[in-house]
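**Student:** This is the content of coords_10.pdb (PDB, C-alpha atoms):
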ATOM      1  CA  MET A1391      21.331  -8.345   2.009
ATOM      2  CA  ASN A1392      17.754  -8.991   0.891
ATOM      3  CA  PRO A1393      15.239  -6.396   2.087
ATOM      4  CA  TYR A1394      12.581  -9.006   2.841
ATOM      5  CA  ARG A1395      13.186 -11.641   5.495
ATOM      6  CA  ARG A1396       9.589 -12.113   6.654
ATOM      7  CA  ILE A1397       6.547 -11.529   4.453
ATOM      8  CA  LEU A1398       3.002 -11.576   5.817
ATOM      9  CA  LEU A1399       0.124 -12.267   3.429
ATOM     10  CA  ILE A1400      -3.359 -11.375   4.664
ATOM     11  CA  MET A1401      -6.218 -13.337   3.095
ATOM     12  CA  THR A1402      -9.937 -12.820   3.628
ATOM     13  CA  GLU A1403     -11.181 -15.208   0.921
ATOM     14  CA  VAL A1404     -10.346 -18.781   0.049
ATOM     15  CA  GLN A1405      -9.086 -18.493  -3.501
ATOM     16  CA  ALA A1406      -5.803 -18.508  -5.365
ATOM     17  CA  ASN A1407      -5.404 -14.879  -6.396
ATOM     18  CA  ALA A1408      -2.847 -12.325  -7.543
ATOM     19  CA  ALA A1409      -1.873 -11.408  -3.972
ATOM     20  CA  LEU A1410      -1.043 -15.020  -3.141
ATOM     21  CA  SER A1411       0.984 -15.385  -6.351
ATOM     22  CA  ARG A1412       2.841 -12.127  -5.630
ATOM     23  CA  ALA A1413       3.636 -13.164  -2.052
ATOM     24  CA  MET A1414       4.885 -16.605  -3.121
ATOM     25  CA  ALA A1415       7.033 -15.129  -5.891
ATOM     26  CA  LEU A1416       8.559 -12.413  -3.716
ATOM     27  CA  ALA A1417       9.284 -14.886  -0.924
ATOM     28  CA  ALA A1418      11.020 -17.200  -3.399
ATOM     29  CA  ALA A1419      13.023 -14.364  -4.993
ATOM     30  CA  SER A1420      14.197 -12.893  -1.677
ATOM     31  CA  GLY A1421      14.492 -16.092   0.356
ATOM     32  CA  ALA A1422      11.981 -14.667   2.838
ATOM     33  CA  ALA A1423       9.789 -16.713   5.157
ATOM     34  CA  LEU A1424       6.127 -16.398   4.183
ATOM     35  CA  HIS A1425       3.315 -16.464   6.739
ATOM     36  CA  VAL A1426      -0.370 -16.345   5.834
ATOM     37  CA  LEU A1427      -2.884 -14.717   8.169
ATOM     38  CA  GLY A1428      -6.448 -15.627   7.322
ATOM     39  CA  ILE A1429      -8.976 -13.112   8.653
ATOM     40  CA  HIS A1430     -12.607 -14.132   8.829
ATOM     41  CA  GLU A1431     -15.347 -11.659   9.670
ATOM     42  CA  PRO A1432     -18.498 -13.658  10.537
ATOM     43  CA  GLY A1433     -21.637 -12.728   8.705
ATOM     44  CA  GLU A1434     -24.106 -14.756  10.782
ATOM     45  CA  LEU A1435     -25.704 -13.621  14.020
ATOM     46  CA  ARG A1436     -24.048 -15.049  17.115
ATOM     47  CA  VAL A1437     -26.491 -14.147  19.875
ATOM     48  CA  ARG A1438     -26.141 -17.523  21.589
ATOM     49  CA  HIS A1439     -22.422 -17.053  22.193
ATOM     50  CA  GLU A1440     -22.337 -13.367  23.023
ATOM     51  CA  LEU A1441     -22.526 -13.988  26.778
ATOM     52  CA  GLN A1442     -19.728 -16.549  26.800
ATOM     53  CA  ALA A1443     -16.302 -15.460  28.032
ATOM     54  CA  THR A1444     -14.647 -17.255  25.102
ATOM     55  CA  PRO A1445     -17.055 -17.454  22.135
ATOM     56  CA  LEU A1446     -16.968 -20.643  20.114
ATOM     57  CA  PRO A1447     -15.750 -20.350  16.533
ATOM     58  CA  SER A1448     -18.558 -19.952  14.028
ATOM     59  CA  VAL A1449     -19.376 -22.694  11.549
ATOM     60  CA  SER A1450     -18.339 -20.427   8.685
ATOM     61  CA  PHE A1451     -14.980 -19.772  10.366
ATOM     62  CA  VAL A1452     -14.243 -23.484  10.731
ATOM     63  CA  HIS A1453     -15.030 -23.930   7.041
ATOM     64  CA  PHE A1454     -12.934 -20.869   6.110
ATOM     65  CA  SER A1455      -9.936 -22.078   8.117
ATOM     66  CA  THR A1456     -10.100 -25.630   6.756
ATOM     67  CA  GLU A1457     -10.469 -24.551   3.136
ATOM     68  CA  LEU A1458      -7.723 -21.923   3.378
ATOM     69  CA  LYS A1459      -5.297 -24.440   4.864
ATOM     70  CA  ALA A1460      -6.095 -26.859   2.017
ATOM     71  CA  LEU A1461      -5.489 -24.097  -0.535
ATOM     72  CA  LEU A1462      -2.082 -23.322   0.972
ATOM     73  CA  ASP A1463      -1.178 -27.015   1.024
ATOM     74  CA  GLU A1464      -1.704 -26.993  -2.743
ATOM     75  CA  GLN A1465       1.064 -24.387  -3.071
ATOM     76  CA  LEU A1466       3.765 -26.848  -1.962
ATOM     77  CA  THR A1467       4.725 -27.463  -5.590
ATOM     78  CA  ARG A1468       5.572 -23.766  -5.950
ATOM     79  CA  GLY A1469       8.039 -23.538  -3.090
ATOM     80  CA  ALA A1470       8.336 -23.821   0.666
ATOM     81  CA  ARG A1471       5.113 -24.259   2.581
ATOM     82  CA  PRO A1472       4.017 -20.962   4.132
ATOM     83  CA  GLY A1473       3.175 -20.658   7.808
ATOM     84  CA  PHE A1474      -0.526 -20.322   8.517
ATOM     85  CA  GLU A1475      -2.869 -18.850  11.099
ATOM     86  CA  ALA A1476      -6.578 -18.084  10.898
ATOM     87  CA  VAL A1477      -8.472 -15.734  13.185
ATOM     88  CA  GLU A1478     -12.093 -14.659  13.487
ATOM     89  CA  THR A1479     -13.056 -11.119  14.421
ATOM     90  CA  THR A1480     -16.008  -8.775  14.143
ATOM     91  CA  ASP A1481     -13.719  -5.746  14.348
ATOM     92  CA  PRO A1482     -10.305  -6.008  12.633
ATOM     93  CA  ARG A1483      -9.208  -2.746  14.264
ATOM     94  CA  ASP A1484      -8.848  -4.608  17.571
ATOM     95  CA  LEU A1485      -7.003  -7.625  16.221
ATOM     96  CA  VAL A1486      -5.020  -7.007  13.032
ATOM     97  CA  PRO A1487      -2.389  -4.553  14.371
ATOM     98  CA  ALA A1488      -1.523  -6.985  17.182
ATOM     99  CA  CYS A1489      -1.178  -9.874  14.714
ATOM    100  CA  ILE A1490       1.171  -7.837  12.532
ATOM    101  CA  ALA A1491       3.238  -6.762  15.518
ATOM    102  CA  ARG A1492       3.525 -10.363  16.711
ATOM    103  CA  TYR A1493       4.826 -11.625  13.385
ATOM    104  CA  ALA A1494       7.046  -8.535  12.772
ATOM    105  CA  PRO A1495       7.159  -8.768   8.965
ATOM    106  CA  ASP A1496       9.253  -6.618   6.614
ATOM    107  CA  LEU A1497       6.343  -6.485   4.172
ATOM    108  CA  VAL A1498       2.589  -7.062   4.386
ATOM    109  CA  ILE A1499       0.694  -8.082   1.239
ATOM    110  CA  LYS A1500      -3.065  -8.085   0.753
ATOM    111  CA  GLY A1501      -5.442  -8.343  -2.144
ATOM    112  CA  CYS A1502      -6.952  -4.981  -2.991
ATOM    113  CA  SER A1503     -10.730  -5.148  -2.898
ATOM    114  CA  GLY A1504     -11.349  -1.397  -2.793
ATOM    115  CA  CYS A1505     -13.741   0.303  -0.395
ATOM    116  CA  SER A1506     -16.853   2.425  -0.493
ATOM    117  CA  LEU A1507     -16.958   6.106   0.437
ATOM    118  CA  ILE A1508     -18.755   5.159   3.678
ATOM    119  CA  ASP A1509     -15.956   2.747   4.602
ATOM    120  CA  GLN A1510     -13.393   5.378   3.701
ATOM    121  CA  LEU A1511     -15.014   7.939   5.973
ATOM    122  CA  ALA A1512     -15.495   5.509   8.858
ATOM    123  CA  ARG A1513     -12.212   3.679   8.220
ATOM    124  CA  THR A1514     -13.950   0.390   8.924
ATOM    125  CA  SER A1515     -12.723  -1.681   5.971
ATOM    126  CA  LEU A1516      -9.749  -3.957   6.525
ATOM    127  CA  ASP A1517      -7.744  -2.013   3.927
ATOM    128  CA  GLN A1518      -8.346   1.193   5.863
ATOM    129  CA  VAL A1519      -7.424  -0.482   9.143
ATOM    130  CA  LEU A1520      -4.159  -1.746   7.667
ATOM    131  CA  LEU A1521      -3.278   1.575   6.078
ATOM    132  CA  HIS A1522      -3.692   3.527   9.291
ATOM    133  CA  ALA A1523      -2.565   0.961  11.868
ATOM    134  CA  SER A1524       0.409  -0.820  10.321
ATOM    135  CA  GLU A1525       3.881   0.647  10.663
ATOM    136  CA  VAL A1526       5.446  -1.707   8.098
ATOM    137  CA  PRO A1527       5.298  -1.409   4.285
ATOM    138  CA  LEU A1528       1.991  -2.574   2.815
ATOM    139  CA  MET A1529       1.450  -3.843  -0.695
ATOM    140  CA  PHE A1530      -2.121  -3.889  -1.979
ATOM    141  CA  VAL A1531      -2.443  -6.161  -5.025
ATOM    142  CA  PRO A1532      -5.455  -5.941  -7.383
ATOM    143  CA  ALA A1533      -6.974  -9.012  -9.007
ATOM    144  CA  ASP A1534      -5.400  -8.467 -12.439
ATOM    145  CA  ALA A1535      -1.843  -7.797 -11.201
ATOM    146  CA  PRO A1536       1.070  -9.780 -12.689
ATOM    147  CA  THR A1537       2.889 -12.270 -10.486
ATOM    148  CA  MET A1538       6.054 -10.143 -10.492
ATOM    149  CA  PRO A1539       6.033  -6.436 -11.378
ATOM    150  CA  GLY A1540       8.227  -5.283 -14.234
ATOM    151  CA  ASN A1541       7.875  -1.531 -13.776
ATOM    152  CA  VAL A1542       7.929   0.290 -10.404
ATOM    153  CA  LEU A1543       6.879   3.955 -10.143
ATOM    154  CA  VAL A1544       7.867   5.924  -7.020
ATOM    155  CA  ALA A1545       5.732   9.012  -6.351
ATOM    156  CA  VAL A1546       7.298  11.633  -4.066
ATOM    157  CA  ASP A1547       6.248  15.037  -2.758
ATOM    158  CA  VAL A1548       9.118  17.523  -2.713
ATOM    159  CA  SER A1549       7.026  20.530  -1.677
ATOM    160  CA  GLN A1550       8.357  20.077   1.870
ATOM    161  CA  PRO A1551      11.643  18.449   2.901
ATOM    162  CA  SER A1552      10.932  15.013   4.330
ATOM    163  CA  PRO A1553      12.944  11.844   4.981
ATOM    164  CA  LEU A1554       9.871  10.001   3.713
ATOM    165  CA  ASN A1555      10.918  10.793   0.137
ATOM    166  CA  ASP A1556      14.222   8.964   0.596
ATOM    167  CA  ALA A1557      12.376   6.064   2.243
ATOM    168  CA  LEU A1558      10.012   5.836  -0.739
ATOM    169  CA  VAL A1559      12.869   5.710  -3.234
ATOM    170  CA  VAL A1560      14.757   3.103  -1.201
ATOM    171  CA  ALA A1561      11.612   0.947  -0.900
ATOM    172  CA  GLY A1562      11.037   1.219  -4.641
ATOM    173  CA  GLN A1563      14.634   0.314  -5.428
ATOM    174  CA  GLN A1564      14.529  -2.676  -3.082
ATOM    175  CA  LEU A1565      11.356  -3.982  -4.705
ATOM    176  CA  ALA A1566      12.674  -3.361  -8.218
ATOM    177  CA  LYS A1567      15.888  -5.236  -7.394
ATOM    178  CA  GLN A1568      13.991  -8.288  -6.133
ATOM    179  CA  CYS A1569      11.749  -8.296  -9.218
ATOM    180  CA  GLN A1570      14.432  -7.218 -11.712
ATOM    181  CA  ALA A1571      12.048  -4.403 -12.611
ATOM    182  CA  GLN A1572      12.522  -0.924 -14.047
ATOM    183  CA  LEU A1573      12.292   2.020 -11.618
ATOM    184  CA  GLN A1574      10.734   5.404 -12.426
ATOM    185  CA  LEU A1575      10.558   8.499 -10.193
ATOM    186  CA  LEU A1576       7.650  10.956 -10.284
ATOM    187  CA  SER A1577       6.817  14.179  -8.497
ATOM    188  CA  ALA A1578       3.560  16.054  -9.061
ATOM    189  CA  TYR A1579       3.122  19.666  -8.043
ATOM    190  CA  ASP A1580       0.156  22.019  -7.971
ATOM    191  CA  LEU A1581       0.462  25.729  -8.754
ATOM    192  CA  PRO A1582      -1.533  28.133  -6.545
ATOM    193  CA  ILE A1583      -5.035  28.857  -7.849
ATOM    194  CA  ALA A1584      -4.166  32.545  -8.334
ATOM    195  CA  MET A1585      -1.451  31.598 -10.812
ATOM    196  CA  LEU A1586      -3.748  29.262 -12.712
ATOM    197  CA  ALA A1587      -6.439  31.953 -12.934
ATOM    198  CA  ASN A1588      -4.201  34.371 -14.855
ATOM    199  CA  PRO A1589      -1.187  32.506 -16.242
ATOM    200  CA  ASP A1590      -0.022  35.478 -18.344
ATOM    201  CA  LEU A1591       0.448  37.763 -15.350
ATOM    202  CA  ALA A1592       1.641  35.004 -13.035
ATOM    203  CA  GLY A1593       4.049  33.440 -15.530
ATOM    204  CA  PRO A1594       7.313  34.575 -13.912
ATOM    205  CA  TRP A1595       6.162  33.547 -10.429
ATOM    206  CA  ALA A1596       4.944  30.204 -11.733
ATOM    207  CA  ASP A1597       8.359  29.576 -13.255
ATOM    208  CA  GLU A1598       9.983  30.337  -9.897
ATOM    209  CA  VAL A1599       7.667  27.891  -8.145
ATOM    210  CA  ARG A1600       8.517  25.175 -10.674
ATOM    211  CA  GLU A1601      12.246  25.786 -10.349
ATOM    212  CA  SER A1602      12.087  25.807  -6.534
ATOM    213  CA  LEU A1603      10.493  22.337  -6.624
ATOM    214  CA  GLN A1604      12.531  20.961  -9.512
ATOM    215  CA  LEU A1605      15.789  21.514  -7.606
ATOM    216  CA  PRO A1606      14.972  19.220  -4.639
ATOM    217  CA  PHE A1607      13.414  16.672  -7.009
ATOM    218  CA  ASP A1608      16.585  16.451  -9.090
ATOM    219  CA  ALA A1609      18.720  16.401  -5.940
ATOM    220  CA  LEU A1610      16.691  13.444  -4.633
ATOM    221  CA  ALA A1611      17.040  11.611  -7.940
ATOM    222  CA  ASP A1612      20.775  12.337  -8.120
ATOM    223  CA  ALA A1613      21.303  11.096  -4.569
ATOM    224  CA  HIS A1614      19.760   7.730  -5.477
ATOM    225  CA  GLY A1615      21.359   7.410  -8.908
ATOM    226  CA  ILE A1616      18.161   7.639 -10.961
ATOM    227  CA  ALA A1617      18.797   8.414 -14.629
ATOM    228  CA  HIS A1618      17.267  11.558 -16.170
ATOM    229  CA  SER A1619      15.277   9.404 -18.599
ATOM    230  CA  HIS A1620      13.481   7.817 -15.639
ATOM    231  CA  ARG A1621      12.498  11.075 -13.912
ATOM    232  CA  PHE A1622       9.129  12.751 -14.356
ATOM    233  CA  PHE A1623       8.271  16.164 -12.897
ATOM    234  CA  SER A1624       4.695  17.127 -13.750
ATOM    235  CA  GLU A1625       2.224  19.875 -12.918
ATOM    236  CA  GLY A1626      -1.259  18.925 -11.774
ATOM    237  CA  ALA A1627      -3.299  17.371  -8.977
ATOM    238  CA  PRO A1628      -1.267  14.477  -7.505
ATOM    239  CA  LEU A1629      -3.925  11.786  -7.932
ATOM    240  CA  ARG A1630      -4.566  12.691 -11.565
ATOM    241  CA  VAL A1631      -0.853  12.935 -12.388
ATOM    242  CA  ILE A1632      -0.024   9.618 -10.700
ATOM    243  CA  LYS A1633      -2.830   7.773 -12.492
ATOM    244  CA  SER A1634      -1.831   9.309 -15.810
ATOM    245  CA  HIS A1635       1.794   8.182 -15.419
ATOM    246  CA  ILE A1636       0.745   4.706 -14.283
ATOM    247  CA  ALA A1637      -1.116   4.342 -17.570
ATOM    248  CA  THR A1638       1.540   6.012 -19.727
ATOM    249  CA  LEU A1639       4.504   4.137 -18.254
ATOM    250  CA  GLY A1640       2.680   0.833 -17.784
ATOM    251  CA  ALA A1641       3.566   0.766 -14.081
ATOM    252  CA  ASP A1642       2.793  -2.450 -12.211
ATOM    253  CA  VAL A1643       3.437  -0.936  -8.764
ATOM    254  CA  VAL A1644       3.284   2.638  -7.496
ATOM    255  CA  VAL A1645       5.135   3.429  -4.257
ATOM    256  CA  VAL A1646       3.473   6.170  -2.190
ATOM    257  CA  GLY A1647       3.577   7.538   1.332
ATOM    258  CA  ALA A1648       0.888   6.678   3.860
ATOM    259  CA  VAL A1649       0.276   9.902   5.762
ATOM    260  CA  GLN A1650      -2.550  11.299   7.844
ATOM    261  CA  ALA A1651      -5.103  13.260   5.840
ATOM    262  CA  ARG A1652      -5.631  16.795   7.107
ATOM    263  CA  ARG A1653      -8.583  19.167   7.294
ATOM    264  CA  TRP A1654     -11.013  18.774   4.377
ATOM    265  CA  ALA A1655      -8.941  15.908   2.929
ATOM    266  CA  LYS A1656     -10.257  13.726   5.760
ATOM    267  CA  LEU A1657     -13.671  13.858   4.103
ATOM    268  CA  ILE A1658     -12.531  12.367   0.803
ATOM    269  CA  GLY A1659      -9.307  10.644   1.836
ATOM    270  CA  ASP A1660      -5.763  11.545   0.890
ATOM    271  CA  THR A1661      -4.130  10.596  -2.402
ATOM    272  CA  THR A1662      -2.996   7.195  -1.114
ATOM    273  CA  GLU A1663      -6.453   6.272   0.222
ATOM    274  CA  ARG A1664      -8.094   7.184  -3.058
ATOM    275  CA  LEU A1665      -5.520   5.201  -5.027
ATOM    276  CA  ILE A1666      -6.220   2.123  -2.908
ATOM    277  CA  SER A1667     -10.000   2.509  -3.140
ATOM    278  CA  HIS A1668      -9.797   2.209  -6.951
ATOM    279  CA  ALA A1669      -6.352   0.690  -7.476
ATOM    280  CA  PRO A1670      -5.096   1.106 -11.061
ATOM    281  CA  CYS A1671      -2.144  -1.179 -10.193
ATOM    282  CA  SER A1672      -0.466  -2.577  -7.076
ATOM    283  CA  ILE A1673       0.064   0.053  -4.369
ATOM    284  CA  LEU A1674       3.054  -0.112  -1.997
ATOM    285  CA  THR A1675       2.567   2.252   0.942
ATOM    286  CA  ILE A1676       5.370   3.433   3.209
ATOM    287  CA  LYS A1677       4.803   5.095   6.586
ATOM    288  CA  PRO A1678       7.022   8.014   7.609
ATOM    289  CA  THR A1679       9.476   7.219  10.401
ATOM    290  CA  PRO A1680       8.052   8.630  13.657
ATOM    291  CA  TYR A1681      10.033  11.378  15.295
ATOM    292  CA  ARG A1682      11.813  10.343  18.476
TER
END
In structure tokens, how does this file's structure come out?
**Tutor:**
Amino acid sequence: MNPYRRILLIMTEVQANAALSRAMALAAASGAALHVLGIHEPGELRVRHELQATPLPSVSFVHFSTELKALLDEQLTRGARPGFEAVETTDPRDLVPACIARYAPDLVIKGCSGCSLIDQLARTSLDQVLLHASEVPLMFVPADAPTMPGNVLVAVDVSQPSPLNDALVVAGQQLAKQCQAQLQLLSAYDLPIAMLANPDLAGPWADEVRESLQLPFDALADAHGIAHSHRFFSEGAPLRVIKSHIATLGADVVVVGAVQARRWAKLIGDTTERLISHAPCSILTIKPTPYR
């Protein structure tokens, strides 16, 4: 059974881009229905309509909707015509989650435009809204991404037992199967600062820490049938290690968990947020299953 039955592509600009190509290709490969949601955030002042119960659509929105529909009509030669809807909003936080819930996709795809530190702190950008509001897998696709990925890297955190790790591997395997891509598994771990300060004295304890994390990593890989040659267990800060392996392995997609940043991490974003803000490749984010 194909993992993707319904794919939702979110577009904020009228242009044929890598995200559109990726969505069309994945829909064709998996036999999924593709729906395009165009989101327009008006830039002009709308004082005249603010007092109306139902504001009229802006001139720029009418143009956006018409041009986006024409662009999608041009894709008919590449496969089935995608469904289409365009909406206008000044605050995507109020609208986008409801649109996603209504369509109930298995995968959401969006072009990755990055975001500023201010947007990251305020979580006002559409990427931030999607990351924190959507419960379904999200794929952020940068402008230079290939149509279909050939190398998928799954990044897990085995420092604490979590069903999210299994979900990440399964999501990566499903994507790799649809794309006929290679799958790699990575886990990064950080040693305590005290061990790094005096490695000679802390050597035996550092080895124990490594072994205690290597065991669950190998168990996870064994459980999902991942060959030893495709496993990477590396010491260092997660963001640095992930970016390094993306470059070394030539990964087209990295699969990571979308989790709530804690304490000081809220100020600079967690690893996933920082990856998306300066995406070195496509980013597929998976939310942990909520406890019932």
**Student:** For the provided coordinates, the residues matched by the PyMOL selection byres ((chain A and resi 1556) around 10) should be stated as a ChimeraX atom specification.
**Tutor:** /A:1546,1552-1555,1557-1562,1610-1611,1613-1614
**Student:** Just to confirm, what's the straight-line distance from CA of Phe1530 (chain A) to CA of Gln1572 (chain A) in Å (one decimal)?
**Tutor:**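 That distance, rounded to one decimal, is 19.2 Å.
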**Student:** Smallest atom-to-atom distance to Asn1541 (chain A): which of A:Ser1515, A:Gln1570, A:Ser1524, A:Thr1480, using all atoms listed in the file?
**Tutor:**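 Under the stated criterion, the closest residue is A:Gln1570.
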**Student:** Expressed in Å to a single decimal, how great is the separation between CA of Leu1485 (chain A) and CA of Gln1465 (chain A)?
**Tutor:**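 Atom-to-atom, CA of Leu1485 (chain A) and CA of Gln1465 (chain A) are spaced 26.8 Å apart.
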**Student:** Need to verify the contact set: Ala1523 (chain A), 9 Å, only C-alpha atoms, exclusion of same-chain residues closer than 4 positions in sequence. Can you return it as a VMD selection string?
**Tutor:** chain A and resid 1483 1486 to 1487 1518 to 1519
